[in-house]
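**Q** Provided herewith: data17.txt, compact mmCIF, C-alpha atoms and all ligand atoms.
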# COMPACT_ATOMS: atom_id res chain seq x y z
CA MET A 1 -5.03 -7.55 35.17
CA LEU A 2 -5.12 -3.93 34.08
CA VAL A 3 -1.91 -2.54 32.60
CA SER A 4 -0.40 0.88 32.06
CA ALA A 5 -0.79 2.12 28.48
CA GLU A 6 2.93 2.82 28.14
CA GLU A 7 4.10 -0.36 26.47
CA MET A 8 1.15 -0.72 24.09
CA LEU A 9 1.59 2.88 22.93
CA LYS A 10 5.36 2.65 22.48
CA LYS A 11 4.80 -0.42 20.31
CA ALA A 12 2.02 1.34 18.38
CA LYS A 13 4.16 4.39 17.70
CA ALA A 14 7.06 2.24 16.53
CA GLY A 15 4.78 -0.01 14.46
CA LYS A 16 2.82 2.89 12.91
CA TYR A 17 -0.63 1.95 14.11
CA ALA A 18 -2.89 3.36 16.84
CA VAL A 19 -4.54 1.83 19.89
CA GLY A 20 -8.19 2.78 20.27
CA GLN A 21 -9.51 4.36 23.43
CA PHE A 22 -13.20 3.57 23.69
CA ASN A 23 -15.18 5.34 26.38
CA ILE A 24 -17.39 3.27 28.66
CA ASN A 25 -20.67 4.22 30.32
CA ASN A 26 -21.96 1.01 31.80
CA LEU A 27 -21.48 -2.75 32.07
CA GLU A 28 -22.79 -3.53 28.58
CA TRP A 29 -20.37 -1.15 26.86
CA THR A 30 -17.44 -2.45 28.85
CA LYS A 31 -18.28 -6.06 28.03
CA SER A 32 -18.73 -5.33 24.29
CA ILE A 33 -15.41 -3.50 24.03
CA LEU A 34 -13.45 -6.12 26.01
CA LEU A 35 -14.90 -9.04 24.02
CA THR A 36 -14.13 -7.34 20.71
CA ALA A 37 -10.56 -6.56 21.72
CA GLN A 38 -10.07 -10.19 22.74
CA GLU A 39 -11.65 -11.54 19.56
CA LEU A 40 -9.41 -9.32 17.40
CA ASN A 41 -6.34 -9.83 19.57
CA SER A 42 -5.96 -6.07 19.94
CA PRO A 43 -4.72 -3.99 22.87
CA VAL A 44 -7.39 -1.61 24.13
CA ILE A 45 -7.85 1.41 26.37
CA LEU A 46 -11.13 1.91 28.22
CA GLY A 47 -11.78 5.63 28.70
CA VAL A 48 -13.85 6.96 31.60
CA SER A 49 -14.88 10.61 31.71
CA GLU A 50 -15.52 12.17 35.12
CA GLY A 51 -19.24 12.32 34.27
CA ALA A 52 -19.34 8.63 33.33
CA GLY A 53 -17.44 7.83 36.52
CA LYS A 54 -20.11 9.64 38.56
CA TYR A 55 -22.90 7.92 36.62
CA MET A 56 -21.40 4.52 37.48
CA THR A 57 -21.42 5.60 41.17
CA GLY A 58 -17.72 6.48 41.38
CA PHE A 59 -14.25 5.56 40.15
CA LYS A 60 -13.90 2.75 42.69
CA THR A 61 -16.97 0.99 41.29
CA VAL A 62 -15.60 1.37 37.75
CA ALA A 63 -12.15 0.03 38.65
CA ALA A 64 -13.64 -2.93 40.54
CA MET A 65 -16.06 -3.76 37.72
CA VAL A 66 -13.48 -3.56 34.95
CA ASP A 67 -10.87 -5.47 36.90
CA ALA A 68 -13.32 -8.26 37.73
CA MET A 69 -14.71 -8.36 34.19
CA VAL A 70 -11.25 -8.72 32.63
CA ASP A 71 -10.75 -11.67 34.94
CA SER A 72 -14.13 -13.36 34.57
CA LEU A 73 -14.25 -12.98 30.77
CA GLY A 74 -10.74 -14.44 30.53
CA ILE A 75 -9.41 -11.37 28.70
CA THR A 76 -5.70 -11.80 27.94
CA VAL A 77 -5.04 -8.83 25.63
CA PRO A 78 -3.56 -5.73 27.30
CA VAL A 79 -6.29 -3.52 28.81
CA ALA A 80 -5.67 -0.09 30.31
CA LEU A 81 -8.33 1.68 32.37
CA HIS A 82 -7.86 5.36 31.66
CA LEU A 83 -9.36 8.54 33.11
CA ASP A 84 -10.44 10.75 30.20
CA HIS A 85 -10.04 14.54 30.51
CA GLY A 86 -9.37 14.37 34.22
CA SER A 87 -9.28 17.36 36.50
CA TYR A 88 -6.41 17.56 38.97
CA GLU A 89 -8.68 16.23 41.76
CA GLY A 90 -10.19 13.58 39.47
CA ALA A 91 -6.71 12.37 38.53
CA LYS A 92 -5.82 11.88 42.19
CA ALA A 93 -9.11 10.08 42.87
CA CYS A 94 -8.53 7.65 39.98
CA ILE A 95 -4.97 6.93 41.08
CA GLU A 96 -6.42 6.06 44.46
CA ALA A 97 -9.25 3.97 42.96
CA GLY A 98 -6.94 1.66 40.97
CA PHE A 99 -7.01 3.06 37.42
CA SER A 100 -3.96 2.04 35.40
CA SER A 101 -3.76 5.19 33.30
CA ILE A 102 -4.65 8.84 33.82
CA MET A 103 -5.29 11.83 31.61
CA PHE A 104 -4.76 15.16 33.26
CA ASP A 105 -6.33 17.83 31.11
CA GLY A 106 -4.62 21.00 32.23
CA SER A 107 -5.11 22.67 28.84
CA HIS A 108 -7.42 25.33 30.32
CA TYR A 109 -4.76 26.47 32.82
CA PRO A 110 -2.03 28.94 31.86
CA ILE A 111 0.89 26.86 30.53
CA GLU A 112 2.99 27.42 33.71
CA GLU A 113 0.24 25.97 35.90
CA ASN A 114 -0.44 23.12 33.46
CA VAL A 115 3.32 22.31 33.63
CA ALA A 116 3.47 22.48 37.45
CA LYS A 117 0.45 20.23 37.99
CA THR A 118 1.48 17.80 35.24
CA LYS A 119 4.95 17.56 36.82
CA GLU A 120 3.48 16.59 40.16
CA LEU A 121 1.27 13.93 38.56
CA VAL A 122 4.19 12.57 36.49
CA ALA A 123 6.04 11.85 39.75
CA ILE A 124 3.05 10.10 41.35
CA CYS A 125 2.23 8.04 38.24
CA LYS A 126 5.88 7.02 37.74
CA GLU A 127 6.08 5.77 41.30
CA LYS A 128 2.91 3.71 40.89
CA GLY A 129 3.67 2.44 37.37
CA LEU A 130 0.72 4.24 35.75
CA SER A 131 0.70 5.96 32.38
CA LEU A 132 -0.12 9.66 32.15
CA GLU A 133 -1.57 11.65 29.27
CA ALA A 134 -1.25 15.42 29.17
CA GLU A 135 -3.01 17.87 26.89
CA VAL A 136 -1.78 20.99 25.16
CA GLY A 137 -4.04 23.20 23.04
CA SER A 138 -7.66 22.41 23.68
CA ILE A 139 -9.76 19.96 21.68
CA GLY A 140 -12.84 21.67 20.23
CA GLY A 141 -16.46 20.97 21.15
CA GLU A 142 -17.86 19.49 24.33
CA GLU A 143 -16.79 16.29 26.05
CA ASP A 144 -19.07 15.51 28.97
CA GLY A 145 -19.28 19.12 30.10
CA VAL A 146 -15.62 19.96 29.35
CA ILE A 147 -15.72 22.58 26.59
CA GLY A 148 -12.76 23.40 24.36
CA ALA A 149 -12.47 26.10 21.71
CA GLY A 150 -10.31 23.88 19.53
CA GLU A 151 -7.15 25.90 19.00
CA CYS A 152 -4.07 24.24 17.55
CA ALA A 153 -1.33 23.42 20.04
CA ASP A 154 1.97 25.29 20.03
CA PRO A 155 4.72 22.76 19.16
CA ASP A 156 7.15 24.37 21.62
CA GLU A 157 4.63 24.05 24.46
CA CYS A 158 4.12 20.41 23.40
CA LYS A 159 7.86 19.82 23.69
CA ALA A 160 7.94 21.46 27.13
CA VAL A 161 5.13 19.21 28.40
CA ALA A 162 6.52 16.07 26.69
CA ASP A 163 9.87 16.71 28.41
CA LEU A 164 8.18 16.47 31.83
CA GLY A 165 8.09 12.70 31.37
CA VAL A 166 4.45 12.11 30.43
CA THR A 167 3.67 8.85 28.62
CA MET A 168 1.56 10.33 25.82
CA LEU A 169 0.53 13.74 24.63
CA ALA A 170 -2.83 14.95 23.34
CA ALA A 171 -2.34 17.98 21.14
CA GLY A 172 -5.12 20.00 19.58
CA ILE A 173 -4.77 19.98 15.78
CA GLY A 174 -8.24 21.20 14.82
CA ASN A 175 -10.00 18.07 16.13
CA ILE A 176 -13.41 18.37 17.77
CA HIS A 177 -15.35 16.09 20.13
CA GLY A 178 -18.67 14.83 18.81
CA LYS A 179 -20.04 15.38 15.32
CA TYR A 180 -17.98 17.60 13.03
CA PRO A 181 -19.73 20.69 11.62
CA GLU A 182 -20.27 20.95 7.84
CA ASN A 183 -17.69 23.73 7.56
CA TRP A 184 -14.96 21.90 9.56
CA ALA A 185 -11.52 22.86 8.25
CA GLY A 186 -10.05 19.37 8.83
CA LEU A 187 -6.98 18.37 10.83
CA SER A 188 -3.91 20.57 10.68
CA PHE A 189 -1.24 18.12 9.54
CA GLU A 190 1.27 20.94 9.44
CA THR A 191 0.81 21.39 13.21
CA LEU A 192 0.94 17.62 13.80
CA ASP A 193 4.13 17.28 11.79
CA ALA A 194 5.78 20.13 13.72
CA ILE A 195 4.73 18.58 17.06
CA GLN A 196 6.00 15.15 16.08
CA GLN A 197 9.35 16.61 14.98
CA LYS A 198 9.77 18.36 18.33
CA THR A 199 8.56 15.48 20.51
CA GLY A 200 10.28 12.54 18.75
CA ASP A 201 9.20 9.15 20.12
CA MET A 202 6.36 10.51 22.26
CA PRO A 203 3.09 8.72 21.34
CA LEU A 204 0.60 11.41 20.25
CA VAL A 205 -3.11 11.18 21.00
CA LEU A 206 -5.94 12.15 18.68
CA HIS A 207 -9.17 13.01 20.48
CA GLY A 208 -12.51 13.35 18.72
CA GLY A 209 -12.10 10.12 16.72
CA THR A 210 -15.78 10.13 15.69
CA GLY A 211 -16.37 11.26 12.14
CA ILE A 212 -12.76 11.92 11.09
CA PRO A 213 -12.47 10.67 7.50
CA GLU A 214 -10.42 7.48 7.02
CA ASP A 215 -7.70 9.13 4.96
CA MET A 216 -7.12 11.74 7.70
CA ILE A 217 -6.94 9.00 10.37
CA LYS A 218 -4.31 7.15 8.33
CA LYS A 219 -2.29 10.30 7.71
CA ALA A 220 -2.43 11.22 11.42
CA ILE A 221 -1.10 7.74 12.31
CA SER A 222 1.72 8.14 9.77
CA LEU A 223 2.64 11.41 11.55
CA GLY A 224 2.97 9.93 15.04
CA VAL A 225 -0.56 9.45 16.40
CA ALA A 226 -0.55 6.21 18.44
CA LYS A 227 -3.83 6.52 20.37
CA ILE A 228 -7.21 7.56 19.02
CA ASN A 229 -10.22 8.28 21.25
CA VAL A 230 -13.73 7.28 20.23
CA ASN A 231 -16.84 8.01 22.23
CA THR A 232 -19.72 9.60 20.29
CA GLU A 233 -19.67 6.97 17.54
CA CYS A 234 -20.34 4.19 20.06
CA GLN A 235 -23.12 6.31 21.60
CA LEU A 236 -24.73 6.85 18.19
CA SER A 237 -24.58 3.19 17.18
CA PHE A 238 -25.94 2.10 20.57
CA ALA A 239 -28.83 4.59 20.38
CA ASP A 240 -29.63 3.69 16.78
CA ALA A 241 -29.79 -0.05 17.45
CA THR A 242 -31.92 0.45 20.57
CA ARG A 243 -34.33 2.76 18.71
CA LYS A 244 -34.74 0.23 15.88
CA TYR A 245 -35.49 -2.54 18.39
CA ILE A 246 -38.19 -0.44 20.05
CA GLU A 247 -39.62 0.91 16.79
CA ALA A 248 -39.99 -2.67 15.55
CA GLY A 249 -42.01 -3.40 18.69
CA LYS A 250 -39.56 -6.10 19.79
CA ASP A 251 -39.71 -4.86 23.38
CA LEU A 252 -43.36 -5.92 23.42
CA GLU A 253 -42.85 -9.38 21.91
CA GLY A 254 -42.42 -12.26 24.33
CA LYS A 255 -39.86 -11.23 26.96
CA GLY A 256 -38.41 -8.49 24.76
CA PHE A 257 -38.69 -5.99 27.58
CA ASP A 258 -36.13 -7.93 29.64
CA PRO A 259 -33.21 -5.45 29.90
CA ARG A 260 -30.81 -8.20 28.88
CA LYS A 261 -32.73 -8.46 25.59
CA LEU A 262 -33.53 -4.75 25.25
CA LEU A 263 -29.88 -3.73 25.52
CA ALA A 264 -28.50 -6.58 23.41
CA PRO A 265 -28.82 -4.90 19.96
CA GLY A 266 -27.00 -1.80 21.29
CA ALA A 267 -24.26 -3.97 22.77
CA GLU A 268 -23.86 -5.76 19.41
CA ALA A 269 -23.76 -2.40 17.60
CA ILE A 270 -20.92 -1.23 19.85
CA LYS A 271 -18.99 -4.40 19.01
CA ALA A 272 -19.34 -3.62 15.31
CA THR A 273 -18.20 0.01 15.78
CA VAL A 274 -15.20 -1.03 17.86
CA LYS A 275 -14.22 -3.69 15.29
CA GLU A 276 -14.44 -1.18 12.44
CA LYS A 277 -12.24 1.29 14.33
CA MET A 278 -9.65 -1.29 15.40
CA GLU A 279 -9.34 -2.39 11.77
CA LEU A 280 -8.97 1.22 10.62
CA PHE A 281 -6.41 2.03 13.34
CA GLY A 282 -4.38 -1.09 12.50
CA SER A 283 -4.34 -2.54 16.04
CA VAL A 284 -5.86 -5.94 15.11
CA GLY A 285 -3.47 -8.78 15.96
CA LYS A 286 -1.11 -6.44 17.84
CA ALA A 287 -1.80 -7.68 21.39
P1 LIG B 301 -15.63 11.61 20.15
O1 LIG B 301 -16.76 11.69 21.11
O2 LIG B 301 -15.66 12.67 19.13
O3 LIG B 301 -15.47 10.26 19.56
O4 LIG B 301 -14.30 11.94 20.99
C1 LIG B 301 -13.97 11.09 22.06
C2 LIG B 301 -12.83 11.64 22.83
O5 LIG B 301 -11.97 12.30 22.32
C3 LIG B 301 -12.78 11.30 24.26
O6 LIG B 301 -11.76 11.95 24.90
How does this structure look as structure tokens?
**A**
Amino acid sequence: MLVSAEEMLKKAKAGKYAVGQFNINNLEWTKSILLTAQELNSPVILGVSEGAGKYMTGFKTVAAMVDAMVDSLGITVPVALHLDHGSYEGAKACIEAGFSSIMFDGSHYPIEENVAKTKELVAICKEKGLSLEAEVGSIGGEEDGVIGAGECADPDECKAVADLGVTMLAAGIGNIHGKYPENWAGLSFETLDAIQQKTGDMPLVLHGGTGIPEDMIKKAISLGVAKINVNTECQLSFADATRKYIEAGKDLEGKGFDPRKLLAPGAEAIKATVKEKMELFGSVGKA
């Protein structure tokens, strides 16, 4: 059964570790992430961008697939199915489709409109027992067509949005989706510290988990980050493993062209990436 992310994130914040959100794109990714979470006895959040939802033929398909897979693989660790960077309409569609957690990214609206829309979604999610993530201060770079300039969040705006009753808060602190540029200034721990002081127990979310150095991840967790999103790193490891398989001519040997064989190295590579991240985030054994 899919669960809201509320309890796992409250525990993570109190226990000073972070739960990983790993984005899914297809059946193989979903299976790899679920099996790794189960093997490591770690809670996990499966992220679905609106683009990935469309690719998988719609949010209903995704919810049905994930729900059935959790059941048929015998997964017993807590699993939340979470809309990543949802629009207002996307959030409503995922609530309808059976997601257990929603991100409403209203960071591109003026703060008053972000607050009004977030407030409405807080009420709906509360009634249905779903967790809700809000965003203040945009995350830099591009995430599936959603482009952010990457400004740091204003701690007072963070407090205003946290007080609406959201479950978790994503705040821009200089983080960027995708690969970090050579001249990246790093995370602003000063901003993170100020946000954490204003928002107290609220679990904070760090987007752009690919390529952030280990020491920065650990420091962010010590300052209140309880959820870290990873997408690009799984994509890179999947692509790399698939390329190596093809370059070695394995797709031409025997039945190597069978998609179950062709996609297997990529699926294994995702397992390794997820394991590495769960160990780094400290969520192993915390289910
Ligand atoms: P990366 O693609 O940088 O790992 O970021 C993922 C993310 O933040 C999804 O919301």
**Q** Please report as CSV every residue of segment 163-254 of chain A lying within 12 Å of segment 31-39 of chain A, along with the nearest atom pair and their distance in Å (one decimal), using all atoms listed in the file.
**A**
residue,atom,partner,partner_atom,distance
A:Val230,CA,A:Ile33,CA,11.6
A:Asn231,CA,A:Ile33,CA,11.7
A:Cys234,CA,A:Ile33,CA,10.0
A:Phe238,CA,A:Ser32,CA,11.0
**Q** Please provide the set of residues having any atom within 10 Å of segment 273-277 of chain A, restricted to only C-alpha atoms, with same-chain residues fewer than 4 positions apart removed, written as a count of residues only.
**A** 30
**Q** Would you compute the distance between atom CA of Val166 of chain A and atom CA of Lys126 of chain A? Give it in Å to one decimal.
**A** 9.0 Å
**Q** With distances taken over all atoms listed in the file, which residue among A:Asn175, A:Thr242, A:Ser131, A:Thr199 lies nearest ligand LIG 301 (chain B)?
**A** A:Asn175
**Q** Considering all atoms listed in the file, return as a list in words whatever protein or nucleic-acid residues lie within 10 Å of Ile217 of chain A, sequence-local ones (same chain, fewer than 2 positions apart) excluded.
**A** Ala18, Leu187, Leu206, Gly209, Gly211, Ile212, Pro213, Glu214, Asp215, Lys219, Ala220, Ile221, Ser222, Leu223, Val225, Ile228, Leu280 and Phe281 of chain A
**Q** Quick one: distance from atom CA of Phe99 of chain A to atom CA of Gly15 of chain A in Å, one decimal?
**A**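 Those two atoms sit 26.0 Å apart.
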**Q** Just want the 7 Å neighbourhood of segment 70-80 of chain A, counted on all atoms listed in the file, with same-chain residues fewer than 5 positions away dropped. Output as a ChimeraX atom specification.
**A** /A:1-5,38,41-46,100-101,287
**Q** Nearest residue to ligand LIG 301 (chain B) out of A:Ala64, A:Leu192, A:Ala170, A:Ile270, using only C-alpha atoms and all ligand atoms?
**A**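 Under the stated criterion, the closest residue is A:Ala170.
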**Q** Please extract the residues at most 7 Å from ligand LIG 301 (chain B), counting only C-alpha atoms and all ligand atoms, and provide them as a PyMOL selection string, using the chain letters and residue numbers of this document.
**A** chain A and resi 23+84-85+143+176-179+207-210+229-233
**Q** Using all atoms listed in the file, pick whichever of A:Glu89, A:Glu247, A:Lys10, A:Ala239 has the shortest atom-to-atom distance to Leu263 of chain A.
**A**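 Between A:Glu89, A:Glu247, A:Lys10, A:Ala239, the residue approaching Leu263 of chain A most closely is A:Ala239.
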**Q** For each of A:Gly129, A:Lys286, A:Asn183, A:Ser188, take the minimum atom-to-atom distance to Cys152 of chain A, counting all atoms listed in the file, then give the residue where this is smallest.
**A**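 Looking only at the distances to Cys152 of chain A, the closest residue turns out to be A:Ser188.
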**Q** Could you state the separation of atom CA of Gly174 of chain A and atom CA of Asp154 of chain A in Å, given to one decimal place?
**A**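 The value is 12.2 Å.
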**Q** Counting all atoms listed in the file, which residue out of A:Ile173, A:Met216, A:Ala267, A:Ala123 sits closest to Thr191 of chain A?
**A** A:Ile173
**Q** Compile the contact shell of Phe104 of chain A as number ranges by chain: residues with an atom at most 12 Å away, counting all atoms listed in the file, same-chain residues fewer than 6 positions apart removed.
**A** A: 49-50, 82-95, 114-122, 125, 131-136, 161, 166-170
**Q** Write out, as a short mmCIF file (atom, residue, chain, number, x, y, z; two decimals), in the coordinates of the input, the residues just selected, with C-alpha atoms.
**A**
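Final file, selection_37.cif:
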data_model
loop_
_atom_site.label_atom_id
_atom_site.label_comp_id
_atom_site.auth_asym_id
_atom_site.auth_seq_id
_atom_site.Cartn_x
_atom_site.Cartn_y
_atom_site.Cartn_z
CA SER A 49 -14.88 10.61 31.71
CA GLU A 50 -15.52 12.17 35.12
CA HIS A 82 -7.86 5.36 31.66
CA LEU A 83 -9.36 8.54 33.11
CA ASP A 84 -10.44 10.75 30.20
CA HIS A 85 -10.04 14.54 30.51
CA GLY A 86 -9.37 14.37 34.22
CA SER A 87 -9.28 17.36 36.50
CA TYR A 88 -6.41 17.56 38.97
CA GLU A 89 -8.68 16.23 41.76
CA GLY A 90 -10.19 13.58 39.47
CA ALA A 91 -6.71 12.37 38.53
CA LYS A 92 -5.82 11.88 42.19
CA ALA A 93 -9.11 10.08 42.87
CA CYS A 94 -8.53 7.65 39.98
CA ILE A 95 -4.97 6.93 41.08
CA ASN A 114 -0.44 23.12 33.46
CA VAL A 115 3.32 22.31 33.63
CA ALA A 116 3.47 22.48 37.45
CA LYS A 117 0.45 20.23 37.99
CA THR A 118 1.48 17.80 35.24
CA LYS A 119 4.95 17.56 36.82
CA GLU A 120 3.48 16.59 40.16
CA LEU A 121 1.27 13.93 38.56
CA VAL A 122 4.19 12.57 36.49
CA CYS A 125 2.23 8.04 38.24
CA SER A 131 0.70 5.96 32.38
CA LEU A 132 -0.12 9.66 32.15
CA GLU A 133 -1.57 11.65 29.27
CA ALA A 134 -1.25 15.42 29.17
CA GLU A 135 -3.01 17.87 26.89
CA VAL A 136 -1.78 20.99 25.16
CA VAL A 161 5.13 19.21 28.40
CA VAL A 166 4.45 12.11 30.43
CA THR A 167 3.67 8.85 28.62
CA MET A 168 1.56 10.33 25.82
CA LEU A 169 0.53 13.74 24.63
CA ALA A 170 -2.83 14.95 23.34
#
